file data.txt (compact mmCIF, C-alpha atoms)
# COMPACT_ATOMS: atom_id res chain seq x y z
CA MET W 1 116.54 120.00 67.95
CA PHE W 2 118.02 122.26 70.66
CA TRP W 3 115.48 123.75 73.08
CA GLN W 4 116.15 126.40 75.74
CA PRO W 5 112.90 126.82 77.65
CA THR W 6 112.11 129.01 80.63
CA PRO W 7 110.93 126.62 83.37
CA THR W 8 108.29 126.76 86.08
CA LEU W 9 108.76 123.80 88.46
CA LEU W 10 106.41 123.60 91.46
CA ILE W 11 106.56 120.36 93.48
CA THR W 12 104.69 119.22 96.61
CA SER W 13 105.55 115.87 98.22
CA GLU W 14 103.93 114.22 101.25
CA GLY W 15 105.84 111.64 103.28
CA LEU W 16 105.33 109.66 106.49
CA GLY W 17 101.81 111.08 106.65
CA ILE W 18 103.18 114.64 106.86
CA PRO W 19 101.81 117.05 104.21
CA GLY W 20 104.49 118.75 102.16
CA ASP W 21 104.91 122.41 101.25
CA GLN W 22 104.84 123.62 97.67
CA ILE W 23 108.43 124.21 96.56
CA ASP W 24 109.32 126.48 93.65
CA PHE W 25 112.48 124.71 92.47
CA VAL W 26 113.48 127.54 90.13
CA ARG W 27 113.25 130.29 92.76
CA GLU W 28 114.30 128.32 95.86
CA PHE W 29 117.37 126.75 94.22
CA GLU W 30 118.21 129.42 91.65
CA LEU W 31 117.97 127.05 88.70
CA GLU W 32 119.21 128.59 85.47
CA ASN W 33 117.90 128.02 81.97
CA GLN W 34 119.45 125.02 80.23
CA THR W 35 119.58 123.87 76.61
CA PHE W 36 118.11 120.42 76.01
CA LYS W 37 118.33 118.12 73.01
CA GLN W 38 115.16 116.81 71.35
CA LEU W 39 115.00 113.79 69.08
CA ARG W 40 112.07 113.57 66.66
CA ILE W 41 111.43 110.68 64.28
CA VAL W 42 108.56 110.60 61.76
CA LEU W 43 107.59 107.61 59.62
CA ARG W 44 105.04 108.07 56.84
CA PRO W 45 103.75 104.66 55.69
CA ALA W 46 101.09 106.30 53.50
CA ARG W 47 100.41 109.75 52.11
CA LYS W 48 98.00 110.83 54.86
CA HIS W 49 99.34 108.75 57.75
CA LYS W 50 102.30 109.42 60.05
CA LEU W 51 103.80 107.59 63.02
CA ARG W 52 105.89 109.82 65.27
CA TYR W 53 108.28 109.42 68.20
CA GLU W 54 109.88 112.09 70.35
CA PHE W 55 112.26 112.05 73.32
CA VAL W 56 113.38 115.02 75.47
CA PRO W 57 115.61 114.40 78.53
CA ILE W 58 115.35 117.40 80.87
CA ARG W 59 117.84 117.88 83.73
CA TYR W 60 118.31 120.62 86.32
CA GLU W 61 120.75 120.60 89.24
CA ASN W 62 122.11 123.20 91.66
CA GLU W 63 123.24 123.46 95.28
CA THR W 64 122.36 126.49 97.36
CA ILE W 65 121.64 127.71 100.90
CA ILE W 66 117.87 127.72 101.39
CA THR W 67 116.27 130.92 102.65
CA ARG W 68 113.05 129.53 104.11
CA SER W 69 111.94 126.42 105.98
CA PHE W 70 109.78 123.84 104.21
CA VAL W 71 108.71 120.18 104.35
CA PHE W 72 109.54 117.81 101.50
CA ASN W 73 108.78 114.08 101.51
CA GLY W 74 108.19 114.08 105.28
CA GLN W 75 111.45 115.89 106.14
CA ARG W 76 111.82 119.48 107.34
CA TYR W 77 114.54 121.61 105.75
CA ASN W 78 115.40 124.63 107.87
CA VAL W 79 116.72 128.06 106.88
CA SER W 80 120.45 128.26 106.08
CA LEU W 81 120.71 124.54 105.27
CA PRO W 82 122.85 123.69 102.21
CA VAL W 83 120.75 121.58 99.84
CA LEU W 84 121.48 120.04 96.45
CA ALA W 85 118.36 120.12 94.26
CA GLU W 86 117.93 117.81 91.27
CA LEU W 87 115.04 117.57 88.86
CA LYS W 88 114.91 114.95 86.10
CA TRP W 89 112.12 114.86 83.55
CA ASN W 90 112.14 112.29 80.77
CA ALA W 91 109.42 113.20 78.28
CA MET W 92 108.57 110.67 75.57
CA ARG W 93 105.84 110.90 72.99
CA PHE W 94 104.29 108.34 70.64
CA SER W 95 101.86 109.78 68.10
CA TYR W 96 99.63 108.86 65.19
CA GLU W 97 98.70 111.62 62.74
CA TYR W 98 95.99 111.45 60.09
CA ASP W 99 95.94 114.31 57.59
CA PHE W 100 92.34 114.50 56.42
CA VAL W 101 93.19 117.52 54.24
CA TYR W 102 96.37 117.14 52.18
CA ASN W 103 97.47 118.99 49.05
CA ASP W 104 100.36 120.96 47.56
CA TYR W 105 99.57 123.97 49.79
CA GLY W 106 99.75 122.11 53.10
CA TYR W 107 97.63 119.88 55.29
CA VAL W 108 95.28 119.73 58.28
CA GLY W 109 95.31 116.67 60.50
CA LEU W 110 94.21 114.89 63.66
CA VAL W 111 96.84 113.84 66.24
CA LEU W 112 96.43 111.02 68.77
CA ASP W 113 99.15 111.00 71.42
CA LEU W 114 100.50 108.78 74.14
CA LYS W 115 102.84 110.93 76.22
CA TYR W 116 105.00 109.14 78.77
CA THR W 117 106.13 111.47 81.54
CA ASP W 118 108.68 110.46 84.20
CA VAL W 119 109.49 113.20 86.72
CA GLU W 120 111.80 112.85 89.73
CA ALA W 121 112.57 115.71 92.15
CA ALA W 122 115.27 115.13 94.79
CA LEU W 123 116.84 117.09 97.64
CA THR W 124 120.16 116.07 99.20
CA ASN W 125 121.74 117.28 102.45
CA SER W 126 124.62 115.68 104.37
CA LEU W 127 122.55 115.47 107.58
CA ILE W 128 119.15 114.54 106.19
CA GLY W 129 120.35 112.41 103.29
CA ARG W 130 118.64 112.19 99.91
CA GLU W 131 114.85 112.50 99.69
CA PHE W 132 113.00 112.25 96.39
CA ALA W 133 109.52 112.27 94.91
CA ARG W 134 108.73 110.57 91.61
CA ALA W 135 105.70 110.51 89.33
CA HIS W 136 105.53 108.56 86.07
CA ALA W 137 102.62 107.54 83.90
CA PRO W 138 101.45 107.31 80.27
CA ILE W 139 99.08 110.15 79.40
CA PRO W 140 96.74 110.02 76.39
CA ALA W 141 96.12 113.22 74.45
CA ILE W 142 94.29 114.42 71.36
CA GLY W 143 94.66 117.46 69.18
CA GLY W 144 95.22 118.89 65.76
CA THR W 145 97.99 119.98 63.44
CA GLY W 146 98.28 122.05 60.30
CA ARG W 147 100.91 123.18 57.82
CA VAL W 148 100.95 125.80 55.09
CA TYR W 149 103.64 126.26 52.44
CA LEU W 150 104.52 129.95 51.94
CA VAL W 151 106.68 128.95 48.97
CA PRO W 152 107.54 125.40 47.86
CA ASN W 153 110.56 125.11 50.20
CA VAL W 154 109.32 127.17 53.21
CA SER W 155 106.51 126.11 55.51
CA ILE W 156 104.83 127.09 58.80
CA THR W 157 103.47 124.31 61.04
CA GLY W 158 101.30 124.55 64.15
CA GLU W 159 100.15 121.83 66.53
CA PHE W 160 98.21 121.59 69.79
CA THR W 161 97.41 118.48 71.84
CA MET W 162 95.85 118.20 75.27
CA PHE W 163 94.50 115.98 78.05
CA ARG W 164 92.63 116.96 81.19
CA LEU W 165 91.36 114.91 84.14
CA PRO W 166 89.24 117.27 86.29
CA GLU W 167 89.62 117.02 90.06
CA SER W 168 85.81 117.10 90.26
CA ILE W 169 85.83 113.42 89.19
CA ASN W 170 88.03 112.44 92.15
CA GLU W 171 89.41 115.08 94.53
CA ASP W 172 92.49 112.92 95.23
CA TYR W 173 93.55 112.77 91.59
CA GLY W 174 93.93 115.31 88.81
CA ALA W 175 95.98 115.79 85.68
CA ARG W 176 96.40 118.02 82.65
CA TYR W 177 98.81 118.10 79.74
CA TYR W 178 98.88 120.91 77.18
CA ASP W 179 101.45 120.91 74.36
CA PHE W 180 101.67 123.76 71.83
CA ASP W 181 104.25 123.79 69.03
CA LEU W 182 104.69 126.38 66.27
CA TYR W 183 107.66 126.20 63.90
CA GLY W 184 108.96 127.17 60.50
CA THR W 185 110.94 124.91 58.17
CA VAL W 186 113.29 125.86 55.35
CA ASN W 187 114.17 122.99 53.00
CA PHE W 188 117.55 123.44 51.33
CA THR W 189 117.13 120.23 49.32
CA ASP W 190 114.63 117.35 49.19
CA HIS W 191 116.67 115.63 51.93
CA ALA W 192 117.83 118.39 54.30
CA GLY W 193 116.47 121.48 55.98
CA ALA W 194 116.42 123.62 59.13
CA GLN W 195 113.73 124.46 61.68
CA ILE W 196 113.12 127.20 64.23
CA GLY W 197 110.12 127.18 66.51
CA TYR W 198 108.46 127.94 69.83
CA ARG W 199 107.13 125.26 72.15
CA ALA W 200 105.08 125.46 75.36
CA VAL W 201 104.43 122.39 77.53
CA ASP W 202 102.19 122.57 80.62
CA VAL W 203 101.91 119.51 82.88
CA PHE W 204 100.00 119.21 86.16
CA TYR W 205 99.44 116.13 88.30
CA LYS W 206 97.84 115.45 91.67
CA ILE W 207 98.11 112.05 93.36
CA ASP W 208 96.69 112.11 96.89
CA GLU W 209 98.85 114.78 98.63
CA ASP W 210 101.56 114.93 95.96
CA GLU W 211 101.36 117.62 93.28
CA GLY W 212 103.47 118.87 90.43
CA ASP W 213 102.97 121.91 88.20
CA LEU W 214 105.60 121.95 85.45
CA GLN W 215 105.80 124.42 82.59
CA MET W 216 108.47 124.71 79.89
CA ARG W 217 108.28 127.48 77.30
CA GLY W 218 110.85 128.70 74.83
CA LEU W 219 112.45 128.74 71.39
CA TYR W 220 114.21 125.82 69.70
CA PHE W 221 116.16 125.25 66.51
CA GLY W 222 117.67 122.30 64.70
CA GLY W 223 118.09 120.34 61.51
CA VAL W 224 115.89 118.00 59.49
CA VAL W 225 117.09 115.01 57.47
CA ARG W 226 114.78 112.99 55.19
CA PHE W 227 115.27 109.53 53.71
call {"tool": "encode", "arguments": {"input": "data.txt", "output": "structure tokens"}}
result
Amino acid sequence: MFWQPTPTLLITSEGLGIPGDQIDFVREFELENQTFKQLRIVLRPARKHKLRYEFVPIRYENETIITRSFVFNGQRYNVSLPVLAELKWNAMRFSYEYDFVYNDYGYVGLVLDLKYTDVEAALTNSLIGREFARAHAPIPAIGGTGRVYLVPNVSITGEFTMFRLPESINEDYGARYYDFDLYGTVNFTDHAGAQIGYRAVDVFYKIDEDEGDLQMRGLYFGGVVRF
């Protein structure tokens, strides 16, 4: 699949005991929309059971003159400083799907997810050097999926999975992960087809004084091959 989302990338990073400022990477560094490749693999060992894997490498990079002062990872970046901003987000997903309703008209199923998120935000300046903040962890999620066939070779599929760790449990830690996917598939033959869809991913994490609020929303398209 080829996905061109509109990003929201808000990062806060503490360092050396100095609280960081929230940085809007898109606005501060004028990051433009990029097209990313998605790999999706689905194995169906039985009629109602599916094992799924997904990988999306997300990369943004741009150098600009900053227009306000802020603190990132314990370092102060002053106005008019040239800074190279990089954001890398490797998103992997391992899923099990059980379709408790399955017939010729479509299906309705339960999805159990393990989403592995690895995010690294870095700022580089010739005087300060390279400073980065990284967060990576497996995140469990649960949700549902459903498909309906409009005609035998055309279907509409929707899916939503989520996880939330309220900050009320521990004020130093918090997390959420929402993933919504809606797409249509046209099957040209039993072995090949095409898809177009819309996906919205919303990730938030808080670890002590570090925070990230990442959102990716947009259309995608691609091909499907079956064996």
call {"tool": "closest_residue", "arguments": {"input": "data.txt", "among": "W:Leu51, W:Ala133, W:Ile11, W:Val119", "to": "Asn90 of chain W", "atoms": "all atoms listed in the file"}}
result
W:Val119
call {"tool": "closest_residue", "arguments": {"input": "data.txt", "among": "W:Ile142, W:Ile207, W:Ile18, W:Val225", "to": "Arg164 of chain W", "atoms": "only C-alpha atoms"}}
result
W:Ile142
call {"tool": "closest_residue", "arguments": {"input": "data.txt", "among": "W:Phe132, W:Lys48, W:Leu114, W:Val56", "to": "Glu86 of chain W", "atoms": "all atoms listed in the file"}}
result
W:Phe132
call {"tool": "closest_residue", "arguments": {"input": "data.txt", "among": "W:Val26, W:Pro7, W:Asn170, W:Gly17", "to": "Ala200 of chain W", "atoms": "all atoms listed in the file"}}
result
W:Pro7
call {"tool": "closest_residue", "arguments": {"input": "data.txt", "among": "W:Ile23, W:Val186, W:Ala141, W:Ala91", "to": "Lys37 of chain W", "atoms": "all atoms listed in the file"}}
result
W:Ala91
call {"tool": "closest_residue", "arguments": {"input": "data.txt", "among": "W:Pro57, W:Gly106, W:Gly184, W:Pro166", "to": "Tyr149 of chain W", "atoms": "all atoms listed in the file"}}
result
W:Gly106
call {"tool": "residues_around", "arguments": {"input": "data.txt", "residues": "Leu81 of chain W", "least_positions_apart": "4", "cutoff": "10 Å", "atoms": "only C-alpha atoms", "output": "list in words"}}
result
Thr64, Ile65, Ile66, Thr67, Arg68, Ser69, Tyr77, Asn125, Ser126 and Leu127 of chain W
call {"tool": "axis_aligned_box", "arguments": {"input": "data.txt", "around": "segment 78-88 of chain W", "padding_each_side": "8 Å", "output": "AutoDock Vina command-line options"}}
result
--center_x 118.9 --center_y 121.6 --center_z 97.0 --size_x 23.9 --size_y 29.3 --size_z 37.8
call {"tool": "atom_distance", "arguments": {"input": "data.txt", "atom1": "atom CA of Ala122 of chain W", "atom2": "atom CA of Val203 of chain W"}}
result
18.4 Å
call {"tool": "residues_around", "arguments": {"input": "data.txt", "residues": "Glu30 of chain W", "least_positions_apart": "5", "cutoff": "9 Å", "atoms": "all atoms listed in the file", "output": "ChimeraX atom specification"}}
result
/W:25,62-64
call {"tool": "closest_atom_pairs", "arguments": {"input": "data.txt", "of": "segment 123-194 of chain W", "to": "segment 208-221 of chain W", "cutoff": "10 Å", "atoms": "all atoms listed in the file", "output": "tab-separated table"}}
result
residue	atom	partner	partner_atom	distance
W:Ala133	CA	W:Asp210	CA	8.5
W:Arg134	CA	W:Asp210	CA	9.5
W:Ala135	CA	W:Gly212	CA	8.7
W:Asn170	CA	W:Asp208	CA	9.9
W:Glu171	CA	W:Asp208	CA	8.2
W:Asp172	CA	W:Asp208	CA	4.6
W:Tyr173	CA	W:Asp208	CA	6.2
W:Gly174	CA	W:Glu211	CA	9.0
W:Ala175	CA	W:Gly212	CA	9.4
W:Arg176	CA	W:Asp213	CA	9.4
W:Tyr177	CA	W:Leu214	CA	9.7
W:Tyr178	CA	W:Gln215	CA	9.5
W:Asp179	CA	W:Met216	CA	9.7
W:Phe180	CA	W:Arg217	CA	9.4
W:Asp181	CA	W:Leu219	CA	9.9
W:Leu182	CA	W:Leu219	CA	9.6
W:Tyr183	CA	W:Tyr220	CA	8.8
W:Gly184	CA	W:Phe221	CA	9.6
W:Thr185	CA	W:Phe221	CA	9.8
W:Ala194	CA	W:Phe221	CA	7.6
call {"tool": "residues_around", "arguments": {"input": "data.txt", "residues": "Val108 of chain W", "least_positions_apart": "4", "cutoff": "12 Å", "atoms": "all atoms listed in the file", "output": "PyMOL selection string"}}
result
chain W and resi 48-49+97-104+143-148+157-159
call {"tool": "atom_distance", "arguments": {"input": "data.txt", "atom1": "atom CA of His191 of chain W", "atom2": "atom CA of Val224 of chain W"}}
result
8.0 Å
call {"tool": "residues_around", "arguments": {"input": "data.txt", "residues": "Tyr60 of chain W", "least_positions_apart": "6", "cutoff": "12 Å", "atoms": "all atoms listed in the file", "output": "NGL selection string"}}
result
:W and (5-9 or 25-26 or 29-36 or 84-90 or 119-123)
call {"tool": "residues_around", "arguments": {"input": "data.txt", "residues": "Ser13 of chain W", "least_positions_apart": "4", "cutoff": "6 Å", "atoms": "all atoms listed in the file", "output": "ChimeraX atom specification"}}
result
/W:20,72-73,210
call {"tool": "write_last_selection", "arguments": {"input": "data.txt", "atoms": "C-alpha atoms", "output": "mmCIF file, in the frame of the given file"}}
result
data_model
loop_
_atom_site.group_PDB
_atom_site.id
_atom_site.type_symbol
_atom_site.label_atom_id
_atom_site.label_comp_id
_atom_site.auth_asym_id
_atom_site.auth_seq_id
_atom_site.Cartn_x
_atom_site.Cartn_y
_atom_site.Cartn_z
ATOM 1 C CA GLY W 20 104.490 118.750 102.160
ATOM 2 C CA PHE W 72 109.540 117.810 101.500
ATOM 3 C CA ASN W 73 108.780 114.080 101.510
ATOM 4 C CA ASP W 210 101.560 114.930 95.960
#
call {"tool": "atom_distance", "arguments": {"input": "data.txt", "atom1": "atom CA of Asp113 of chain W", "atom2": "atom CA of Ala46 of chain W"}}
result
18.6 Å
call {"tool": "build_atoms", "arguments": {"input": "data.txt", "residues": "segment 33-59 of chain W", "atoms": "N, CA, C and O atoms", "output": "tab-separated table (two decimals), in the coordinates of the input"}}
result
chain	number	residue	atom	x	y	z
W	33	ASN	N	118.35	128.62	83.22
W	33	ASN	CA	117.90	128.02	81.97
W	33	ASN	C	118.97	127.12	81.38
W	33	ASN	O	120.16	127.46	81.39
W	34	GLN	N	118.54	125.98	80.86
W	34	GLN	CA	119.45	125.02	80.23
W	34	GLN	C	118.99	124.77	78.79
W	34	GLN	O	117.84	125.02	78.44
W	35	THR	N	119.91	124.28	77.98
W	35	THR	CA	119.58	123.87	76.61
W	35	THR	C	119.48	122.36	76.56
W	35	THR	O	120.41	121.66	76.98
W	36	PHE	N	118.35	121.86	76.06
W	36	PHE	CA	118.11	120.42	76.01
W	36	PHE	C	118.00	119.96	74.56
W	36	PHE	O	117.52	120.69	73.69
W	37	LYS	N	118.42	118.72	74.34
W	37	LYS	CA	118.33	118.12	73.01
W	37	LYS	C	116.99	117.41	72.86
W	37	LYS	O	116.52	116.75	73.78
W	38	GLN	N	116.39	117.53	71.69
W	38	GLN	CA	115.16	116.81	71.35
W	38	GLN	C	115.43	115.92	70.15
W	38	GLN	O	116.06	116.35	69.18
W	39	LEU	N	114.95	114.70	70.23
W	39	LEU	CA	115.00	113.79	69.08
W	39	LEU	C	113.58	113.58	68.58
W	39	LEU	O	112.68	113.23	69.35
W	40	ARG	N	113.38	113.79	67.28
W	40	ARG	CA	112.07	113.57	66.66
W	40	ARG	C	112.24	112.65	65.46
W	40	ARG	O	113.10	112.90	64.60
W	41	ILE	N	111.42	111.62	65.40
W	41	ILE	CA	111.43	110.68	64.28
W	41	ILE	C	110.01	110.58	63.72
W	41	ILE	O	109.06	110.40	64.49
W	42	VAL	N	109.87	110.70	62.41
W	42	VAL	CA	108.56	110.60	61.76
W	42	VAL	C	108.63	109.56	60.65
W	42	VAL	O	109.51	109.64	59.78
W	43	LEU	N	107.74	108.59	60.69
W	43	LEU	CA	107.59	107.61	59.62
W	43	LEU	C	106.27	107.86	58.92
W	43	LEU	O	105.23	108.03	59.57
W	44	ARG	N	106.28	107.86	57.58
W	44	ARG	CA	105.04	108.07	56.84
W	44	ARG	C	104.77	106.85	55.96
W	44	ARG	O	105.22	106.78	54.81
W	45	PRO	N	104.02	105.87	56.47
W	45	PRO	CA	103.75	104.66	55.69
W	45	PRO	C	102.80	104.88	54.53
W	45	PRO	O	102.77	104.08	53.60
W	46	ALA	N	102.00	105.96	54.60
W	46	ALA	CA	101.09	106.30	53.50
W	46	ALA	C	100.97	107.82	53.45
W	46	ALA	O	101.34	108.52	54.39
W	47	ARG	N	100.42	108.31	52.36
W	47	ARG	CA	100.41	109.75	52.11
W	47	ARG	C	99.81	110.55	53.25
W	47	ARG	O	100.32	111.59	53.64
W	48	LYS	N	98.70	110.07	53.83
W	48	LYS	CA	98.00	110.83	54.86
W	48	LYS	C	98.23	110.32	56.28
W	48	LYS	O	97.60	110.79	57.22
W	49	HIS	N	99.14	109.37	56.44
W	49	HIS	CA	99.34	108.75	57.75
W	49	HIS	C	100.78	108.92	58.20
W	49	HIS	O	101.71	108.72	57.41
W	50	LYS	N	100.97	109.27	59.49
W	50	LYS	CA	102.30	109.42	60.05
W	50	LYS	C	102.36	108.75	61.43
W	50	LYS	O	101.41	108.84	62.21
W	51	LEU	N	103.48	108.13	61.70
W	51	LEU	CA	103.80	107.59	63.02
W	51	LEU	C	104.99	108.39	63.54
W	51	LEU	O	106.01	108.51	62.86
W	52	ARG	N	104.87	108.90	64.78
W	52	ARG	CA	105.89	109.82	65.27
W	52	ARG	C	106.39	109.41	66.66
W	52	ARG	O	105.63	108.88	67.46
W	53	TYR	N	107.67	109.68	66.90
W	53	TYR	CA	108.28	109.42	68.20
W	53	TYR	C	109.13	110.64	68.58
W	53	TYR	O	109.78	111.25	67.73
W	54	GLU	N	109.10	110.96	69.87
W	54	GLU	CA	109.88	112.09	70.35
W	54	GLU	C	110.43	111.78	71.74
W	54	GLU	O	109.76	111.16	72.57
W	55	PHE	N	111.66	112.25	72.01
W	55	PHE	CA	112.26	112.05	73.32
W	55	PHE	C	113.00	113.32	73.72
W	55	PHE	O	113.81	113.85	72.93
W	56	VAL	N	112.72	113.82	74.94
W	56	VAL	CA	113.38	115.02	75.47
W	56	VAL	C	113.83	114.73	76.90
W	56	VAL	O	112.99	114.64	77.80
W	57	PRO	N	115.12	114.55	77.15
W	57	PRO	CA	115.61	114.40	78.53
W	57	PRO	C	115.91	115.77	79.13
W	57	PRO	O	116.74	116.53	78.61
W	58	ILE	N	115.22	116.09	80.23
W	58	ILE	CA	115.35	117.40	80.87
W	58	ILE	C	116.04	117.21	82.22
W	58	ILE	O	115.63	116.37	83.02
W	59	ARG	N	117.08	118.00	82.49
W	59	ARG	CA	117.84	117.88	83.73
W	59	ARG	C	118.15	119.27	84.30
W	59	ARG	O	118.63	120.15	83.58
